[in-house]
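my_file-v8.cif follows; it contains mmCIF, C-alpha atoms.
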```cif
data_structure
loop_
_atom_site.label_atom_id
_atom_site.label_comp_id
_atom_site.auth_asym_id
_atom_site.auth_seq_id
_atom_site.Cartn_x
_atom_site.Cartn_y
_atom_site.Cartn_z
CA MET A 1 17.11 52.57 -28.47
CA ASN A 2 14.41 50.04 -29.36
CA HIS A 3 17.05 47.79 -30.91
CA PHE A 4 19.13 48.07 -27.73
CA PHE A 5 16.24 47.02 -25.49
CA LYS A 6 15.39 44.15 -27.83
CA CYS A 7 18.95 42.86 -27.47
CA LEU A 8 18.69 43.13 -23.69
CA LEU A 9 15.45 41.14 -23.72
CA VAL A 10 17.00 38.43 -25.90
CA LEU A 11 20.00 38.18 -23.56
CA PHE A 12 17.71 38.08 -20.53
CA PHE A 13 15.67 35.17 -21.85
CA MET A 14 18.79 33.32 -22.99
CA ASN A 15 20.29 33.65 -19.53
CA SER A 16 17.01 32.61 -17.90
CA SER A 17 16.95 29.49 -20.04
CA VAL A 18 20.52 28.61 -19.12
CA ALA A 19 19.79 29.22 -15.44
CA GLN A 20 16.95 26.71 -15.35
CA ASN A 21 17.94 23.80 -13.15
CA GLY A 22 16.94 20.17 -13.26
CA VAL A 23 14.98 18.16 -15.77
CA GLN A 24 13.21 20.16 -18.47
CA PHE A 25 9.90 18.34 -18.81
CA GLU A 26 7.71 18.81 -21.84
CA GLU A 27 3.92 18.75 -21.79
CA ILE A 28 3.14 17.10 -25.11
CA PRO A 29 0.68 14.38 -26.19
CA TYR A 30 1.89 10.80 -26.13
CA LYS A 31 1.85 10.33 -29.92
CA GLU A 32 3.85 13.51 -30.37
CA ALA A 33 6.34 12.35 -27.73
CA ILE A 34 6.75 9.00 -29.54
CA ALA A 35 7.32 10.80 -32.85
CA LYS A 36 9.92 13.03 -31.23
CA ALA A 37 11.67 10.01 -29.71
CA LYS A 38 11.90 8.40 -33.15
CA ALA A 39 13.14 11.56 -34.80
CA THR A 40 15.83 12.24 -32.17
CA HIS A 41 16.74 8.58 -31.53
CA LYS A 42 16.24 9.22 -27.82
CA PRO A 43 14.08 7.13 -25.49
CA LEU A 44 11.16 8.70 -23.65
CA PHE A 45 11.16 9.25 -19.91
CA TYR A 46 7.71 9.64 -18.40
CA MET A 47 7.13 10.92 -14.87
CA ILE A 48 3.51 10.02 -14.06
CA TYR A 49 2.27 11.63 -10.86
CA ALA A 50 -0.87 12.19 -8.80
CA THR A 51 -1.65 15.55 -7.25
CA TRP A 52 -2.33 13.95 -3.85
CA CYS A 53 0.90 11.90 -3.81
CA PRO A 54 3.54 13.31 -1.39
CA HIS A 55 6.29 11.14 -2.90
CA CYS A 56 5.53 12.63 -6.33
CA GLU A 57 5.78 16.16 -4.96
CA LYS A 58 9.04 15.41 -3.21
CA MET A 59 10.60 14.04 -6.39
CA ARG A 60 9.32 16.94 -8.48
CA HIS A 61 10.74 19.56 -6.11
CA GLU A 62 13.84 17.85 -4.71
CA VAL A 63 15.04 15.22 -7.20
CA PHE A 64 14.13 16.50 -10.66
CA THR A 65 15.56 19.93 -9.77
CA ASP A 66 18.96 18.36 -9.05
CA ASP A 67 21.65 19.55 -11.50
CA LYS A 68 23.20 16.13 -12.12
CA ILE A 69 19.76 14.62 -12.77
CA GLY A 70 18.95 17.51 -15.10
CA ASP A 71 22.21 17.20 -17.02
CA TYR A 72 21.80 13.47 -17.61
CA PHE A 73 18.07 13.35 -18.32
CA ASN A 74 18.04 16.43 -20.56
CA SER A 75 20.86 15.08 -22.74
CA THR A 76 19.62 11.47 -22.80
CA PHE A 77 15.81 11.40 -22.87
CA ILE A 78 12.72 13.15 -24.13
CA ASN A 79 11.24 14.02 -20.74
CA VAL A 80 7.48 14.22 -20.22
CA MET A 81 5.53 14.78 -17.01
CA ILE A 82 1.85 13.92 -16.83
CA ASP A 83 -0.96 13.75 -14.27
CA GLY A 84 -1.83 10.06 -14.04
CA GLU A 85 -5.46 10.80 -13.21
CA LYS A 86 -6.27 13.28 -15.97
CA GLY A 87 -6.17 13.45 -19.76
CA GLU A 88 -4.02 10.68 -21.22
CA GLY A 89 -2.80 9.64 -17.76
CA PRO A 90 -5.25 6.80 -17.00
CA GLU A 91 -4.85 5.36 -20.51
CA LEU A 92 -1.05 5.35 -20.25
CA ARG A 93 -1.15 3.78 -16.81
CA LYS A 94 -3.32 0.99 -18.19
CA LYS A 95 -1.17 0.58 -21.31
CA PHE A 96 2.04 0.13 -19.31
CA GLY A 97 0.58 -1.65 -16.26
CA LEU A 98 1.33 1.15 -13.81
CA LYS A 99 -0.32 0.50 -10.43
CA ALA A 100 1.31 3.04 -8.13
CA PHE A 101 2.59 6.63 -7.98
CA PRO A 102 4.98 8.05 -8.86
CA GLY A 103 5.42 6.00 -12.02
CA LEU A 104 8.70 6.36 -13.91
CA LEU A 105 8.66 4.84 -17.40
CA PHE A 106 11.42 4.46 -19.97
CA ILE A 107 9.92 3.87 -23.42
CA ASP A 108 11.53 3.64 -26.87
CA GLY A 109 10.27 5.14 -30.12
CA ASN A 110 8.46 1.90 -30.96
CA GLU A 111 6.35 2.22 -27.78
CA THR A 112 8.22 -0.63 -26.11
CA LEU A 113 8.54 -0.36 -22.35
CA LEU A 114 12.26 -0.71 -21.64
CA TYR A 115 12.25 -0.17 -17.89
CA SER A 116 9.73 0.79 -15.26
CA LEU A 117 9.94 2.09 -11.70
CA THR A 118 7.44 3.08 -9.05
CA GLY A 119 7.93 4.93 -5.80
CA GLU A 120 10.19 7.65 -4.49
CA PHE A 121 13.90 7.68 -5.40
CA LYS A 122 16.79 9.80 -4.22
CA ALA A 123 18.83 11.53 -6.94
CA ASP A 124 21.80 9.10 -6.97
CA ASP A 125 19.54 6.04 -6.97
CA LEU A 126 17.41 7.42 -9.79
CA LEU A 127 20.52 8.22 -11.82
CA ALA A 128 21.77 4.64 -11.42
CA GLU A 129 18.39 3.23 -12.48
CA ALA A 130 18.19 5.56 -15.48
CA LYS A 131 21.58 4.28 -16.65
CA ASN A 132 20.39 0.68 -16.18
CA ALA A 133 17.39 1.50 -18.37
CA LEU A 134 19.77 2.09 -21.32
CA ILE A 135 21.70 -1.18 -20.97
CA PRO A 136 20.01 -3.73 -23.28
CA GLU A 137 20.87 -6.70 -21.03
CA LYS A 138 19.06 -5.02 -18.11
CA GLN A 139 15.97 -3.99 -20.04
CA LEU A 140 12.64 -5.77 -19.69
CA PRO A 141 12.36 -7.00 -23.33
CA TYR A 142 15.81 -8.63 -23.19
CA LEU A 143 15.22 -10.25 -19.79
CA LYS A 144 11.78 -11.48 -20.81
CA ASP A 145 13.04 -13.01 -24.07
CA ALA A 146 16.02 -14.61 -22.30
CA PHE A 147 13.75 -16.26 -19.76
CA TYR A 148 11.07 -17.53 -22.15
CA ALA A 149 13.78 -18.98 -24.38
CA ASP A 150 14.95 -21.05 -21.40
CA PRO A 151 12.00 -21.36 -18.96
CA THR A 152 13.69 -24.00 -16.78
CA ASN A 153 16.45 -21.55 -15.85
CA ALA A 154 15.81 -20.19 -12.33
CA ASP A 155 18.45 -17.46 -12.59
CA LYS A 156 16.94 -16.04 -15.79
CA CYS A 157 13.47 -16.22 -14.30
CA LEU A 158 14.52 -14.39 -11.14
CA ALA A 159 16.47 -11.73 -13.08
CA TYR A 160 13.35 -10.96 -15.14
CA LEU A 161 11.06 -10.94 -12.10
CA ILE A 162 13.31 -8.65 -10.03
CA THR A 163 13.45 -6.05 -12.80
CA LEU A 164 9.73 -6.37 -13.55
CA ARG A 165 8.95 -5.93 -9.84
CA LYS A 166 10.54 -2.47 -9.84
CA GLY A 167 7.57 -1.05 -11.69
CA SER A 168 4.81 -3.65 -11.38
CA ASP A 169 2.77 -5.32 -8.68
CA ARG A 170 3.13 -8.99 -7.83
CA LYS A 171 0.24 -10.04 -10.06
CA ALA A 172 2.19 -8.94 -13.14
CA LEU A 173 5.03 -11.25 -12.10
CA SER A 174 2.85 -14.28 -11.52
CA PRO A 175 2.52 -15.59 -15.13
CA ALA A 176 6.27 -15.85 -15.72
CA ALA A 177 6.85 -17.34 -12.27
CA HIS A 178 4.31 -20.08 -12.87
CA VAL A 179 5.85 -20.91 -16.25
CA TYR A 180 9.12 -21.60 -14.46
CA LEU A 181 7.61 -23.28 -11.39
CA ALA A 182 5.67 -25.68 -13.61
CA THR A 183 9.05 -27.13 -14.63
CA GLN A 184 9.87 -27.93 -10.99
CA THR A 185 8.70 -31.05 -9.18
CA GLU A 186 7.27 -30.49 -5.69
CA GLU A 187 10.37 -32.06 -4.17
CA LYS A 188 12.53 -29.39 -5.85
CA LEU A 189 10.41 -26.43 -4.73
CA PRO A 190 12.07 -25.90 -1.30
CA SER A 191 15.33 -24.41 -2.60
CA ALA A 192 16.67 -20.94 -1.87
CA ILE A 193 16.16 -19.62 -5.41
CA ASN A 194 12.75 -21.23 -5.80
CA TRP A 195 11.70 -19.64 -2.52
CA ARG A 196 12.73 -16.21 -3.85
CA ILE A 197 10.63 -16.78 -6.97
CA ILE A 198 7.64 -17.92 -4.93
CA ALA A 199 8.01 -15.07 -2.42
CA ASN A 200 8.28 -12.44 -5.16
CA ALA A 201 5.66 -13.65 -7.60
CA VAL A 202 3.13 -16.22 -6.35
CA THR A 203 -0.16 -14.47 -5.57
CA ASP A 204 -2.81 -17.20 -5.70
CA VAL A 205 -3.63 -19.14 -2.54
CA ASP A 206 -5.04 -21.95 -4.69
CA SER A 207 -1.80 -22.42 -6.62
CA ARG A 208 0.12 -25.69 -6.29
CA GLU A 209 3.20 -23.81 -5.07
CA PHE A 210 1.47 -21.86 -2.30
CA ARG A 211 -0.39 -24.93 -1.07
CA TYR A 212 2.94 -26.73 -0.94
CA VAL A 213 4.43 -23.87 1.10
CA LEU A 214 1.56 -24.14 3.60
CA LYS A 215 2.10 -27.87 4.04
CA HIS A 216 5.90 -27.67 4.21
CA GLN A 217 6.62 -24.42 6.05
CA ASP A 218 9.56 -25.94 7.93
CA GLN A 219 11.34 -26.87 4.69
CA PHE A 220 10.98 -23.35 3.30
CA ALA A 221 11.94 -21.83 6.66
CA ALA A 222 15.20 -23.78 6.42
CA VAL A 223 16.14 -22.08 3.12
CA ALA A 224 14.70 -18.67 4.02
CA SER A 225 13.59 -18.13 7.64
CA PRO A 226 10.43 -18.78 9.65
CA LEU A 227 9.72 -15.04 9.70
CA ARG A 228 9.96 -14.72 5.91
CA VAL A 229 7.64 -17.66 5.37
CA GLN A 230 5.16 -16.15 7.83
CA ARG A 231 5.37 -12.77 6.09
CA LYS A 232 4.73 -14.37 2.71
CA ILE A 233 1.57 -16.01 4.00
CA GLU A 234 0.39 -12.73 5.52
CA ASN A 235 1.31 -10.71 2.41
CA ILE A 236 -0.62 -12.97 0.07
CA VAL A 237 -3.71 -12.53 2.25
CA THR A 238 -3.25 -8.76 2.38
CA GLU A 239 -2.76 -8.49 -1.38
CA MET A 240 -5.88 -10.56 -2.02
CA LEU A 241 -8.22 -8.71 0.36
CA ASP A 242 -6.90 -5.16 0.52
CA PRO A 243 -8.05 -3.97 -2.95
CA PHE A 244 -11.64 -5.10 -2.31
CA VAL A 245 -11.76 -3.32 1.04
CA ALA A 246 -10.20 -0.18 -0.46
CA ASN A 247 -12.86 -0.17 -3.21
CA MET A 248 -15.62 -1.16 -0.76
CA ASP A 249 -16.45 -4.12 -3.01
CA SER A 250 -18.37 -6.43 -0.68
CA ILE A 251 -19.20 -8.98 -3.40
CA GLY A 252 -15.62 -9.37 -4.62
CA TYR A 253 -14.37 -9.43 -1.04
CA LYS A 254 -16.69 -12.28 -0.13
CA SER A 255 -15.35 -14.54 -2.91
CA GLN A 256 -11.71 -13.80 -1.99
CA ARG A 257 -12.44 -14.27 1.69
CA ILE A 258 -13.61 -17.84 1.07
CA LYS A 259 -10.27 -18.63 -0.60
CA VAL A 260 -8.27 -17.03 2.18
CA LYS A 261 -10.16 -18.79 4.97
CA SER A 262 -9.25 -22.11 3.36
CA ILE A 263 -5.65 -21.53 4.52
CA GLN A 264 -6.78 -22.40 8.06
CA LEU A 265 -4.09 -20.65 10.07
CA ARG A 266 -4.83 -18.61 13.17
CA LYS A 267 -2.75 -15.64 12.01
CA VAL A 268 -4.61 -15.59 8.70
CA ASP A 269 -7.98 -15.82 10.46
CA SER A 270 -6.93 -12.87 12.61
CA LEU A 271 -6.11 -10.84 9.48
CA VAL A 272 -9.47 -11.76 7.95
CA PHE A 273 -11.18 -10.60 11.16
CA SER A 274 -9.48 -7.20 10.82
CA TYR A 275 -10.52 -6.90 7.18
CA ASP A 276 -14.09 -7.98 7.98
CA MET A 277 -14.36 -5.13 10.48
CA MET A 278 -12.68 -2.64 8.16
CA LEU A 279 -14.98 -3.38 5.23
CA ALA A 280 -18.12 -3.33 7.40
CA GLU A 281 -17.12 0.00 8.93
CA ARG A 282 -16.30 1.61 5.58
CA THR A 283 -19.57 0.48 4.03
CA GLY A 284 -21.66 1.26 7.12
CA ASP A 285 -22.74 -2.37 7.39
CA TRP A 286 -23.23 -2.43 11.16
CA LYS A 287 -25.00 -5.79 11.12
CA ASN A 288 -21.87 -7.45 9.69
CA TYR A 289 -19.62 -5.33 11.91
CA LYS A 290 -21.48 -6.68 14.93
CA LYS A 291 -21.29 -10.26 13.63
CA ALA A 292 -17.55 -10.01 12.94
CA THR A 293 -16.74 -8.55 16.35
CA ILE A 294 -18.92 -10.95 18.33
CA ASP A 295 -17.25 -13.86 16.52
CA GLY A 296 -13.71 -12.52 16.73
CA VAL A 297 -13.02 -10.12 19.59
CA GLU A 298 -12.24 -12.70 22.25
CA LYS A 299 -10.40 -14.95 19.77
CA TYR A 300 -8.06 -12.40 18.21
CA VAL A 301 -7.83 -9.09 20.14
CA TRP A 302 -8.68 -9.99 23.72
CA THR A 303 -5.23 -8.91 24.92
CA ASN A 304 -5.11 -5.67 22.89
CA GLN A 305 -6.66 -2.89 24.95
CA LYS A 306 -6.27 -0.32 22.18
CA ILE A 307 -8.30 -2.32 19.62
CA LEU A 308 -10.89 -3.27 22.25
CA LYS A 309 -11.51 0.43 22.93
CA GLU A 310 -11.67 1.22 19.21
CA ILE A 311 -14.33 -1.46 18.65
CA ALA A 312 -16.31 -0.33 21.70
CA ASN A 313 -16.23 3.24 20.40
CA VAL A 314 -17.67 2.09 17.05
CA TYR A 315 -20.47 0.37 18.97
CA LEU A 316 -21.02 3.58 20.92
CA GLN A 317 -21.39 5.58 17.71
CA HIS A 318 -23.43 3.17 15.61
CA LEU A 319 -25.21 0.46 17.64
CA ALA A 320 -27.94 0.97 20.21
CA ASP A 321 -29.57 -2.37 20.96
CA PRO A 322 -29.12 -3.63 24.55
CA GLU A 323 -27.22 -6.76 23.50
CA SER A 324 -24.64 -4.71 21.58
CA LEU A 325 -24.18 -2.24 24.43
CA THR A 326 -23.72 -5.11 26.90
CA ASP A 327 -20.95 -6.58 24.71
CA ALA A 328 -19.25 -3.20 24.24
CA ILE A 329 -19.32 -2.58 28.00
CA LYS A 330 -17.78 -5.99 28.65
CA TRP A 331 -14.97 -5.36 26.14
CA THR A 332 -14.23 -1.88 27.48
CA LYS A 333 -14.08 -3.15 31.06
CA HIS A 334 -11.59 -5.78 29.97
CA ALA A 335 -9.53 -3.11 28.19
CA LEU A 336 -9.42 -1.14 31.46
CA GLU A 337 -8.33 -4.28 33.31
CA LEU A 338 -5.43 -4.56 30.87
CA MET A 339 -4.56 -0.87 31.26
CA ASP A 340 -6.48 1.89 33.01
CA SER A 341 -6.93 4.87 30.71
CA TYR A 342 -8.78 8.15 30.44
CA ASP A 343 -10.33 7.40 27.05
CA GLY A 344 -11.41 3.92 28.20
CA ASN A 345 -13.25 5.37 31.18
CA ILE A 346 -14.89 8.01 28.98
CA ILE A 347 -16.07 5.36 26.49
CA LEU A 348 -17.40 3.17 29.29
CA ALA A 349 -19.24 6.07 30.89
CA LYS A 350 -20.84 6.97 27.58
CA LEU A 351 -21.81 3.35 26.90
CA TYR A 352 -23.53 3.12 30.29
CA LEU A 353 -25.27 6.42 29.63
CA LYS A 354 -26.48 5.14 26.25
CA ALA A 355 -27.73 2.01 28.05
CA ASN A 356 -29.61 4.28 30.51
CA ASP A 357 -27.51 3.21 33.48
CA ARG A 358 -26.70 6.65 34.86
CA LYS A 359 -25.29 5.30 38.13
CA GLN A 360 -22.53 3.32 36.40
CA ALA A 361 -22.00 6.14 33.90
CA ALA A 362 -21.31 8.50 36.82
CA ILE A 363 -18.80 6.06 38.37
CA TYR A 364 -16.66 5.93 35.23
CA ALA A 365 -17.06 9.64 34.49
CA ARG A 366 -15.59 10.33 37.95
CA LYS A 367 -12.72 7.91 37.27
CA ALA A 368 -11.97 9.73 34.02
CA LYS A 369 -12.07 13.11 35.81
CA GLU A 370 -9.72 11.83 38.50
CA LEU A 371 -7.22 10.71 35.86
CA THR A 372 -7.21 14.17 34.28
CA LYS A 373 -6.37 15.70 37.67
CA ASN A 374 -3.58 13.22 38.35
CA LEU A 375 -2.07 13.56 34.87
CA GLY A 376 -2.75 17.26 34.27
CA TRP A 377 -4.78 16.59 31.13
CA ASN A 378 -7.65 18.51 29.57
CA SER A 379 -10.91 17.38 31.23
CA GLN A 380 -13.33 18.75 28.64
CA GLU A 381 -14.98 15.38 27.80
CA ALA A 382 -15.27 14.41 31.46
CA ASP A 383 -16.72 17.85 32.29
CA ALA A 384 -19.31 17.45 29.54
CA LEU A 385 -20.32 14.07 31.02
CA PHE A 386 -20.51 15.61 34.51
CA LYS A 387 -22.87 18.25 33.16
CA GLU A 388 -25.02 15.71 31.30
CA LEU A 389 -25.21 13.49 34.41
CA ASN A 390 -25.77 16.46 36.77
CA ILE A 391 -22.69 15.55 38.80
CA ASN A 392 -21.27 18.26 41.03
#
```
Translate the structure described by the file into structure tokens.
Amino acid sequence: MNHFFKCLLVLFFMNSSVAQNGVQFEEIPYKEAIAKAKATHKPLFYMIYATWCPHCEKMRHEVFTDDKIGDYFNSTFINVMIDGEKGEGPELRKKFGLKAFPGLLFIDGNETLLYSLTGEFKADDLLAEAKNALIPEKQLPYLKDAFYADPTNADKCLAYLITLRKGSDRKALSPAAHVYLATQTEEKLPSAINWRIIANAVTDVDSREFRYVLKHQDQFAAVASPLRVQRKIENIVTEMLDPFVANMDSIGYKSQRIKVKSIQLRKVDSLVFSYDMMLAERTGDWKNYKKATIDGVEKYVWTNQKILKEIANVYLQHLADPESLTDAIKWTKHALELMDSYDGNIILAKLYLKANDRKQAAIYARKAKELTKNLGWNSQEADALFKELNIN
């Protein structure tokens, strides 16, 4: 009887193993994974995720459970999944230049990165990319060597950059791009392929190539489009300033801001204004928030009632001096001139109340209340103001 039950258990576990769908990931240390790749002559596939990343979760539960993905990856790779923020994760991200989640790395037994991807992929697209990762002529080492052996060749440069871009940020592309662009005279820069190289890989506003783009936007617009040239200018500003705001690094931001302001374009100045406000708000630097808004509100957002109300609400929450309240009242009134709104009237009533002008506060509280009646909205905030102002 015992022997019979043992056989049943063995059959049960065998069937359970066969029934498992999708990619069978191993949880083994990196050095052990490399050793296994060498021993089996299979490349490694690493899925590097973050617990907070919704794209990672979607791929784990919808893509890597797909039968065709499982069949191909299980037979072709040593598959490892790792939290990019714990254990060996941060070290591996640094080693292979991974800047975003999910990170999908194809590595050989000699620890050479063959192919790299970031972001969410559907099953068919991931399968196609995984097959590309095994074709030597499409792998990063081959493309890199082919380009550096012939650095004047625009096609080889672009082929390398496009593949590198799949798993790296623009800064990683910049060195190779500048090697190629250094072989081009300024007169040759405005070509369709040179534009693609500049658009994909130039990240420094002080570079010869970007300065040339700024001075000759019409020439580049002719080989790309005015919109693409404008987007490139905006993207380079965003990529320079965004990391410092995200990390609340005021010192680093200040040095980058000086470079960006040297571009001297209204659209760029408007972006800098937005980042100035964002950084000041995140760091609680209300003195600089006030300075940025006083300098920029009427220049850059005077026709945007939504942003005007948002700025006024920040003043309401964090600034109390009479001058600041006067400015916030002025901006909110203008927002209401652009478009009457319940929240605008509430903000204005509260600003007047904070400025100890109860008469004006009551006027705008009543306007807010009237809007709730006309639109059938919840009047809780207006009711609270009525109570505070002793309005019947």
Item to complete: Would you kindly translate the PyMOL selection byres ((chain A and resi 58-75) around 7) into the concrete residues it picks from this file, as number ranges by chain?
Response: A: 21-24, 54-57, 76-77, 120, 122-123, 127
Worksheet item: Can you list what the PyMOL selection byres ((chain A and resi 237) around 10) grabs from this structure, as an MDAnalysis selection string?
Response: chainID A and resid 203:205 231:236 238:242 256:257 259:261 263 268:269 271:272
Discussion item. Going by the chain IDs and residue numbers used in this file, which residues fall under the PyMOL selection byres ((chain A and resi 114-118) around 10)? Write them as a ChimeraX atom specification.
Written reply: /A:43-48,96-108,111-113,119-121,126,129-130,132-136,138-142,163-169
Could you write out as lines of an AutoDock Vina configuration file the box around region 254-270 of chain A (axis-aligned, all atoms listed in the file, 4 Å on each side), with centre and edge lengths in Å to one decimal?
```
center_x = -9.7
center_y = -17.3
center_z = 5.1
size_x = 21.9
size_y = 18.1
size_z = 24.1
```
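In terms of minimum interatomic distance to Gln380 (chain A), A:Asp343 ranks closest within A:Asp343, A:Ala182, A:Leu351, A:Lys144, counting all atoms listed in the file.
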Item to complete: Record the distance separating CA of His178 (chain A) and CA of His216 (chain A), expressed in Å with one decimal.
Response: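 Distance between the two atoms: 18.8 Å.
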Worksheet item: Which residue out of A:Met248, A:Leu214, A:Gln219, A:Tyr160 has the minimum interatomic distance to Ala201 (chain A) when all atoms listed in the file are used?
Response: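 Closest to Ala201 (chain A) of all the choices is A:Tyr160.
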Worksheet entry | Spatial neighbours of Asp276 (chain A), 12 Å, only C-alpha atoms, chain gap at least 3 places, as a ChimeraX atom specification | /A:241-242,244-245,248-250,253-254,256-257,261,269-273,279-297
